[in-house]
file final34.pdb (PDB, C-alpha atoms)
ATOM      1  CA  MET A1335      19.286 -73.435  21.676
ATOM      2  CA  PRO A1336      21.841 -70.991  23.078
ATOM      3  CA  PRO A1337      20.477 -68.387  25.490
ATOM      4  CA  VAL A1338      19.424 -65.022  24.001
ATOM      5  CA  PRO A1339      22.053 -62.383  24.830
ATOM      6  CA  TRP A1340      19.570 -59.831  26.140
ATOM      7  CA  ARG A1341      22.215 -57.687  27.773
ATOM      8  CA  LEU A1342      24.252 -57.514  24.573
ATOM      9  CA  LEU A1343      21.163 -56.639  22.555
ATOM     10  CA  ALA A1344      20.248 -53.914  25.036
ATOM     11  CA  LEU A1345      23.737 -52.455  24.865
ATOM     12  CA  GLY A1346      23.628 -52.542  21.062
ATOM     13  CA  THR A1347      20.274 -50.815  20.986
ATOM     14  CA  LEU A1348      21.495 -48.166  23.397
ATOM     15  CA  ALA A1349      24.609 -47.592  21.272
ATOM     16  CA  VAL A1350      22.489 -47.145  18.131
ATOM     17  CA  ALA A1351      20.221 -44.708  19.955
ATOM     18  CA  VAL A1352      23.183 -42.718  21.262
ATOM     19  CA  LEU A1353      24.686 -42.624  17.764
ATOM     20  CA  ALA A1354      21.379 -41.418  16.279
ATOM     21  CA  VAL A1355      21.102 -38.672  18.880
ATOM     22  CA  GLY A1356      24.664 -37.643  18.247
ATOM     23  CA  MET A1357      24.113 -37.474  14.499
ATOM     24  CA  PHE A1358      20.957 -35.400  15.045
ATOM     25  CA  VAL A1359      22.811 -32.998  17.311
ATOM     26  CA  VAL A1360      25.556 -32.613  14.719
ATOM     27  CA  LEU A1361      23.394 -32.496  11.580
ATOM     28  CA  ALA A1362      20.308 -30.585  12.796
ATOM     29  CA  PRO A1363      22.049 -27.178  12.905
ATOM     30  CA  ARG A1364      23.445 -27.791   9.427
ATOM     31  CA  VAL A1365      20.005 -28.695   8.097
ATOM     32  CA  GLU A1366      18.466 -25.641   9.724
ATOM     33  CA  SER A1367      21.285 -23.450   8.419
ATOM     34  CA  GLY A1368      20.710 -24.875   4.939
ATOM     35  CA  LYS A1369      17.019 -24.000   5.152
ATOM     36  CA  VAL A1370      17.822 -20.444   6.207
ATOM     37  CA  THR A1371      20.357 -20.085   3.410
ATOM     38  CA  ARG A1372      17.920 -21.379   0.797
ATOM     39  CA  ALA A1373      15.207 -19.044   2.120
ATOM     40  CA  ARG A1374      17.559 -16.066   1.872
ATOM     41  CA  VAL A1375      18.582 -17.015  -1.651
ATOM     42  CA  ALA A1376      14.919 -17.367  -2.664
ATOM     43  CA  GLU A1377      14.099 -13.999  -1.096
ATOM     44  CA  ARG A1378      16.974 -12.281  -2.902
ATOM     45  CA  GLU A1379      15.874 -13.838  -6.201
ATOM     46  CA  ARG A1380      12.292 -12.740  -5.614
ATOM     47  CA  ASP A1381      13.442  -9.182  -4.827
ATOM     48  CA  ARG A1382      15.569  -9.170  -7.984
ATOM     49  CA  LEU A1383      12.606 -10.264 -10.096
ATOM     50  CA  VAL A1384      10.339  -7.682  -8.472
ATOM     51  CA  ARG A1385      12.809  -4.867  -9.163
ATOM     52  CA  ALA A1386      13.255  -6.039 -12.755
ATOM     53  CA  GLU A1387       9.483  -6.158 -13.260
ATOM     54  CA  GLU A1388       9.055  -2.708 -11.724
ATOM     55  CA  ARG A1389      11.632  -1.314 -14.152
ATOM     56  CA  ARG A1390       9.808  -2.972 -17.051
ATOM     57  CA  LEU A1391       6.427  -1.630 -15.934
ATOM     58  CA  THR A1392       7.826   1.864 -15.403
ATOM     59  CA  ALA A1393       9.202   1.907 -18.939
ATOM     60  CA  GLU A1394       6.106   0.360 -20.521
ATOM     61  CA  GLN A1395       3.685   2.645 -18.674
ATOM     62  CA  ALA A1396       5.671   5.822 -19.359
ATOM     63  CA  VAL A1397       3.513   8.827 -20.260
ATOM     64  CA  ARG A1398       3.143   9.748 -23.924
ATOM     65  CA  GLU A1399       1.722  13.134 -24.865
ATOM     66  CA  GLY A1400       0.107  14.807 -27.835
ATOM     67  CA  ARG A1401      -1.751  17.945 -28.851
ATOM     68  CA  GLY A1402      -4.421  18.726 -31.384
ATOM     69  CA  ALA A1403      -6.348  21.800 -32.446
ATOM     70  CA  PRO A1404      -8.763  23.268 -29.873
ATOM     71  CA  ALA A1405     -12.170  24.513 -30.887
ATOM     72  CA  PRO A1406     -12.301  28.177 -31.932
ATOM     73  CA  PRO A1407     -13.140  30.437 -28.954
ATOM     74  CA  ALA A1408     -16.433  31.571 -30.450
ATOM     75  CA  ALA A1409     -17.499  28.168 -31.766
ATOM     76  CA  ALA A1410     -21.120  27.196 -31.317
ATOM     77  CA  ALA A1411     -22.013  24.103 -29.325
ATOM     78  CA  THR A1412     -22.236  21.989 -32.467
ATOM     79  CA  GLY A1413     -18.868  23.203 -33.697
ATOM     80  CA  GLU A1414     -17.239  22.582 -30.324
ATOM     81  CA  ARG A1415     -18.580  19.039 -30.177
ATOM     82  CA  GLU A1416     -17.252  18.396 -33.661
ATOM     83  CA  ALA A1417     -13.851  19.748 -32.621
ATOM     84  CA  ARG A1418     -13.848  17.560 -29.522
ATOM     85  CA  SER A1419     -14.839  14.467 -31.522
ATOM     86  CA  SER A1420     -12.044  15.204 -33.984
ATOM     87  CA  LEU A1421      -9.605  15.570 -31.107
ATOM     88  CA  LEU A1422     -10.719  12.227 -29.658
ATOM     89  CA  ALA A1423     -10.172  10.619 -33.074
ATOM     90  CA  LEU A1424      -6.669  12.129 -33.047
ATOM     91  CA  VAL A1425      -6.089  10.597 -29.603
ATOM     92  CA  GLU A1426      -7.162   7.187 -30.893
ATOM     93  CA  GLY A1427      -4.816   7.556 -33.848
ATOM     94  CA  ALA A1428      -1.899   8.491 -31.595
ATOM     95  CA  ILE A1429      -2.457   5.478 -29.333
ATOM     96  CA  ASP A1430      -2.907   3.243 -32.372
ATOM     97  CA  ALA A1431       0.426   4.425 -33.816
ATOM     98  CA  ASP A1432       2.094   3.903 -30.438
ATOM     99  CA  ALA A1433       0.738   0.340 -30.165
ATOM    100  CA  ARG A1434       1.832  -0.510 -33.716
ATOM    101  CA  GLY A1435       5.304   0.834 -32.994
ATOM    102  CA  ARG A1436       5.541  -1.347 -29.898
ATOM    103  CA  VAL A1437       4.532  -4.357 -31.996
ATOM    104  CA  ARG A1438       7.265  -3.592 -34.543
ATOM    105  CA  ARG A1439       9.817  -3.366 -31.720
ATOM    106  CA  GLY A1440       8.662  -6.700 -30.314
ATOM    107  CA  GLU A1441       7.266  -5.146 -27.121
ATOM    108  CA  LEU A1442       3.653  -6.163 -27.753
ATOM    109  CA  ARG A1443       1.864  -8.966 -29.552
ATOM    110  CA  GLY A1444       0.164  -7.954 -32.786
ATOM    111  CA  PRO A1445      -1.290  -7.305 -35.189
ATOM    112  CA  ILE A1446      -3.092  -4.110 -34.197
ATOM    113  CA  LEU A1447      -6.395  -3.954 -36.065
ATOM    114  CA  ARG A1448      -7.662  -0.624 -34.717
ATOM    115  CA  THR A1449      -7.830   1.416 -31.533
ATOM    116  CA  ARG A1450     -11.010   2.666 -29.909
ATOM    117  CA  CYS A1451     -11.524   4.786 -26.791
ATOM    118  CA  ARG A1452     -14.567   4.824 -24.536
ATOM    119  CA  PRO A1453     -15.442   7.083 -21.580
ATOM    120  CA  PHE A1454     -14.071   5.985 -18.217
ATOM    121  CA  PRO A1455     -15.758   5.233 -15.968
ATOM    122  CA  LYS A1456     -18.616   3.985 -18.096
ATOM    123  CA  THR A1457     -21.786   6.034 -17.990
ATOM    124  CA  VAL A1458     -25.378   4.965 -18.516
ATOM    125  CA  ARG A1459     -25.678   7.061 -21.674
ATOM    126  CA  GLY A1460     -22.141   6.262 -22.792
ATOM    127  CA  GLU A1461     -21.338   9.938 -23.326
ATOM    128  CA  GLY A1462     -17.923  11.341 -22.564
ATOM    129  CA  ALA A1463     -16.576  14.856 -22.310
ATOM    130  CA  GLU A1464     -16.440  15.069 -26.110
ATOM    131  CA  ILE A1465     -20.249  15.357 -25.934
ATOM    132  CA  ASP A1466     -20.743  16.919 -22.504
ATOM    133  CA  LEU A1467     -19.485  20.467 -22.995
ATOM    134  CA  GLY A1468     -19.817  21.136 -19.278
ATOM    135  CA  ARG A1469     -16.684  19.063 -18.712
ATOM    136  CA  SER A1470     -13.289  20.386 -19.748
ATOM    137  CA  VAL A1471     -11.440  17.102 -19.110
ATOM    138  CA  GLY A1472     -12.295  13.652 -20.397
ATOM    139  CA  ARG A1473     -10.937  10.315 -19.180
ATOM    140  CA  TYR A1474     -11.043   7.323 -21.505
ATOM    141  CA  GLU A1475     -10.119   3.664 -21.554
ATOM    142  CA  CYS A1476      -8.755   2.594 -24.918
ATOM    143  CA  LEU A1477      -8.118  -0.772 -26.506
ATOM    144  CA  ALA A1478      -5.620  -1.465 -29.261
ATOM    145  CA  VAL A1479      -7.550  -4.389 -30.745
ATOM    146  CA  THR A1480      -5.633  -7.510 -31.774
ATOM    147  CA  SER A1481      -8.611  -9.807 -32.437
ATOM    148  CA  ASP A1482     -12.401  -9.702 -32.524
ATOM    149  CA  ILE A1483     -14.790 -11.971 -30.665
ATOM    150  CA  SER A1484     -17.702 -12.969 -32.894
ATOM    151  CA  ARG A1485     -21.069 -14.622 -32.357
ATOM    152  CA  PRO A1486     -23.647 -15.777 -34.910
ATOM    153  CA  GLY A1487     -25.027 -12.645 -36.514
ATOM    154  CA  GLU A1488     -22.651 -10.432 -34.517
ATOM    155  CA  PRO A1489     -19.149 -10.390 -36.036
ATOM    156  CA  ARG A1490     -17.855  -7.913 -33.445
ATOM    157  CA  ALA A1491     -19.449  -9.040 -30.216
ATOM    158  CA  GLY A1492     -16.273  -8.172 -28.345
ATOM    159  CA  ALA A1493     -12.584  -7.608 -28.777
ATOM    160  CA  LEU A1494      -9.239  -8.539 -27.277
ATOM    161  CA  GLY A1495      -6.172  -6.354 -27.247
ATOM    162  CA  HIS A1496      -3.851  -4.105 -25.302
ATOM    163  CA  PRO A1497      -5.442  -1.620 -22.873
ATOM    164  CA  PHE A1498      -4.473   2.035 -22.538
ATOM    165  CA  ARG A1499      -5.754   4.955 -20.499
ATOM    166  CA  THR A1500      -5.850   8.560 -21.629
ATOM    167  CA  ARG A1501      -6.761  11.943 -20.194
ATOM    168  CA  VAL A1502      -7.799  14.725 -22.572
ATOM    169  CA  HIS A1503      -7.940  18.423 -21.730
ATOM    170  CA  PHE A1504     -10.272  19.758 -24.391
ATOM    171  CA  PRO A1505      -9.783  23.548 -23.994
ATOM    172  CA  SER A1506      -6.042  23.218 -24.707
ATOM    173  CA  ALA A1507      -6.404  20.113 -26.914
ATOM    174  CA  ARG A1508      -3.628  18.467 -24.922
ATOM    175  CA  PHE A1509      -3.753  14.772 -24.047
ATOM    176  CA  ALA A1510      -1.619  12.104 -22.395
ATOM    177  CA  TRP A1511      -1.854   8.333 -22.478
ATOM    178  CA  CYS A1512      -0.304   5.338 -20.736
ATOM    179  CA  LYS A1513      -0.176   1.627 -21.453
ATOM    180  CA  VAL A1514      -2.070  -0.407 -18.861
ATOM    181  CA  ASN A1515      -0.666  -3.669 -17.478
ATOM    182  CA  PRO A1516      -3.329  -5.957 -15.988
ATOM    183  CA  ARG A1517      -2.337  -7.859 -12.870
ATOM    184  CA  PRO A1518      -0.719 -11.225 -13.712
ATOM    185  CA  GLY A1519      -2.072 -14.406 -12.214
ATOM    186  CA  GLU A1520      -0.600 -16.116  -9.187
ATOM    187  CA  GLY A1521       2.542 -18.117  -9.745
ATOM    188  CA  ASN A1522       4.310 -15.426 -11.772
ATOM    189  CA  LEU A1523       7.201 -15.080  -9.360
ATOM    190  CA  GLY A1524       8.094 -11.425  -8.958
ATOM    191  CA  ARG A1525       5.567 -10.164 -11.503
ATOM    192  CA  ASP A1526       2.600 -10.627  -9.176
ATOM    193  CA  LEU A1527       4.411  -8.623  -6.465
ATOM    194  CA  ALA A1528       5.477  -5.640  -8.594
ATOM    195  CA  ARG A1529       3.310  -2.520  -8.306
ATOM    196  CA  VAL A1530       3.735   0.550 -10.502
ATOM    197  CA  PRO A1531       0.704   2.884 -10.574
ATOM    198  CA  LEU A1532      -0.221   4.768 -13.719
ATOM    199  CA  SER A1533       0.719   8.428 -13.883
ATOM    200  CA  PRO A1534      -2.021  10.858 -12.784
ATOM    201  CA  ARG A1535      -1.437  12.605 -16.116
ATOM    202  CA  CYS A1536      -3.157   9.613 -17.737
ATOM    203  CA  VAL A1537      -5.817   8.825 -15.136
ATOM    204  CA  GLY A1538      -6.248  12.020 -13.099
ATOM    205  CA  ALA A1539      -9.731  13.040 -12.058
ATOM    206  CA  PRO A1540     -11.599  15.344 -14.446
TER     207      PRO A1540
END

call {"tool": "encode", "arguments": {"input": "final34.pdb", "output": "structure tokens"}}
result
Amino acid sequence: MPPVPWRLLALGTLAVAVLAVGMFVVLAPRVESGKVTRARVAERERDRLVRAEERRLTAEQAVREGRGAPAPPAAAATGEREARSSLLALVEGAIDADARGRVRRGELRGPILRTRCRPFPKTVRGEGAEIDLGRSVGRYECLAVTSDISRPGEPRAGALGHPFRTRVHFPSARFAWCKVNPRPGEGNLGRDLARVPLSPRCVGAP
């Protein structure tokens, strides 16, 4: 058996180690630079998506306005409540027509079955400003219903649809409404970072 060339093996090992170190020194900055570049590209893309989503939300949540007929100045309490209930029905009809128009334009999923508004925030008695004559302004959450949730013996146990918010000033019979956009789930790049609050004209305090 020939003798093992330990010195030659040691020199070879040292050469490989030196070569590996040299390659690391040369390539490490490039790898790090590549990571930084990719991070910047991802950040720019995220910012682009956020801005695009903010523009979409701003357009979709834009204020719509309407006006009905106020109650006669000398109307009795019963007559004023009837006028307010009629005005609220007009508000529901306006939001319903808006939602149906959005469906026709491909902006929302349909069909729209009906639109109903309820006092916001919810009260124990469920009465809004259309009943409480001591309040001049009513705030309501509305749903343009696309499908009903049924249970045995209860065909309308719940409903799914597109949410809206509206603010009604009963003395002038003026009202404004906005489409509501619920927060998307995580993983919607850009969409979950965009924030566009609803106009105070739709959600302002009574």

call {"tool": "closest_atom_pairs", "arguments": {"input": "final34.pdb", "of": "segment 1436-1539 of chain A", "to": "segment 1378-1402 of chain A", "cutoff": "7 Å", "atoms": "all atoms listed in the file", "output": "Markdown table"}}
result
| residue | atom | partner | partner_atom | distance |
| --- | --- | --- | --- | --- |
| A:Ala1507 | CA | A:Gly1402 | CA | 5.1 |
| A:Arg1508 | CA | A:Arg1401 | CA | 4.4 |
| A:Phe1509 | CA | A:Gly1400 | CA | 5.4 |
| A:Ala1510 | CA | A:Glu1399 | CA | 4.3 |
| A:Trp1511 | CA | A:Arg1398 | CA | 5.4 |
| A:Cys1512 | CA | A:Val1397 | CA | 5.2 |
| A:Lys1513 | CA | A:Gln1395 | CA | 4.9 |
| A:Val1514 | CA | A:Gln1395 | CA | 6.5 |
| A:Leu1523 | CA | A:Arg1380 | CA | 6.7 |
| A:Gly1524 | CA | A:Val1384 | CA | 4.4 |
| A:Arg1525 | CA | A:Glu1387 | CA | 5.9 |
| A:Leu1527 | CA | A:Val1384 | CA | 6.3 |
| A:Ala1528 | CA | A:Val1384 | CA | 5.3 |
| A:Arg1529 | CA | A:Glu1388 | CA | 6.7 |
| A:Val1530 | CA | A:Glu1388 | CA | 6.4 |
| A:Leu1532 | CA | A:Gln1395 | CA | 6.7 |
| A:Ser1533 | CA | A:Val1397 | CA | 7.0 |

call {"tool": "resolve_selection", "arguments": {"input": "final34.pdb", "expression": "the PyMOL selection byres ((chain A and resi 1423) around 12)", "output": "PyMOL selection string"}}
result
chain A and resi 1401-1403+1416-1422+1424-1430+1448-1452+1464+1476+1502+1507+1509

call {"tool": "atom_distance", "arguments": {"input": "final34.pdb", "atom1": "atom CA of Leu1467 of chain A", "atom2": "atom CA of Ala1411 of chain A"}}
result
7.7 Å

call {"tool": "residues_around", "arguments": {"input": "final34.pdb", "residues": "Phe1454 of chain A", "least_positions_apart": "6", "cutoff": "7 Å", "atoms": "all atoms listed in the file", "output": "PyMOL selection string"}}
result
chain A and resi 1473-1475

call {"tool": "atom_distance", "arguments": {"input": "final34.pdb", "atom1": "atom CA of Asp1482 of chain A", "atom2": "atom CA of Pro1516 of chain A"}}
result
19.2 Å

call {"tool": "atom_distance", "arguments": {"input": "final34.pdb", "atom1": "atom CA of Leu1477 of chain A", "atom2": "atom CA of His1496 of chain A"}}
result
5.5 Å

call {"tool": "residues_around", "arguments": {"input": "final34.pdb", "residues": "Phe1504 of chain A", "least_positions_apart": "5", "cutoff": "7 Å", "atoms": "all atoms listed in the file", "output": "PyMOL selection string"}}
result
chain A and resi 1404+1418+1470-1471

call {"tool": "write_last_selection", "arguments": {"input": "final34.pdb", "atoms": "C-alpha atoms", "output": "compact mmCIF listing (two decimals), in the frame of the given file"}}
result
# COMPACT_ATOMS: atom_id res chain seq x y z
CA PRO A 1404 -8.76 23.27 -29.87
CA ARG A 1418 -13.85 17.56 -29.52
CA SER A 1470 -13.29 20.39 -19.75
CA VAL A 1471 -11.44 17.10 -19.11

call {"tool": "closest_residue", "arguments": {"input": "final34.pdb", "among": "A:Leu1494, A:Ile1446, A:Ala1410, A:Val1537", "to": "Asp1432 of chain A", "atoms": "only C-alpha atoms"}}
result
A:Ile1446

call {"tool": "closest_residue", "arguments": {"input": "final34.pdb", "among": "A:Cys1536, A:Thr1371, A:Ala1478, A:Thr1500", "to": "Leu1442 of chain A", "atoms": "all atoms listed in the file"}}
result
A:Ala1478
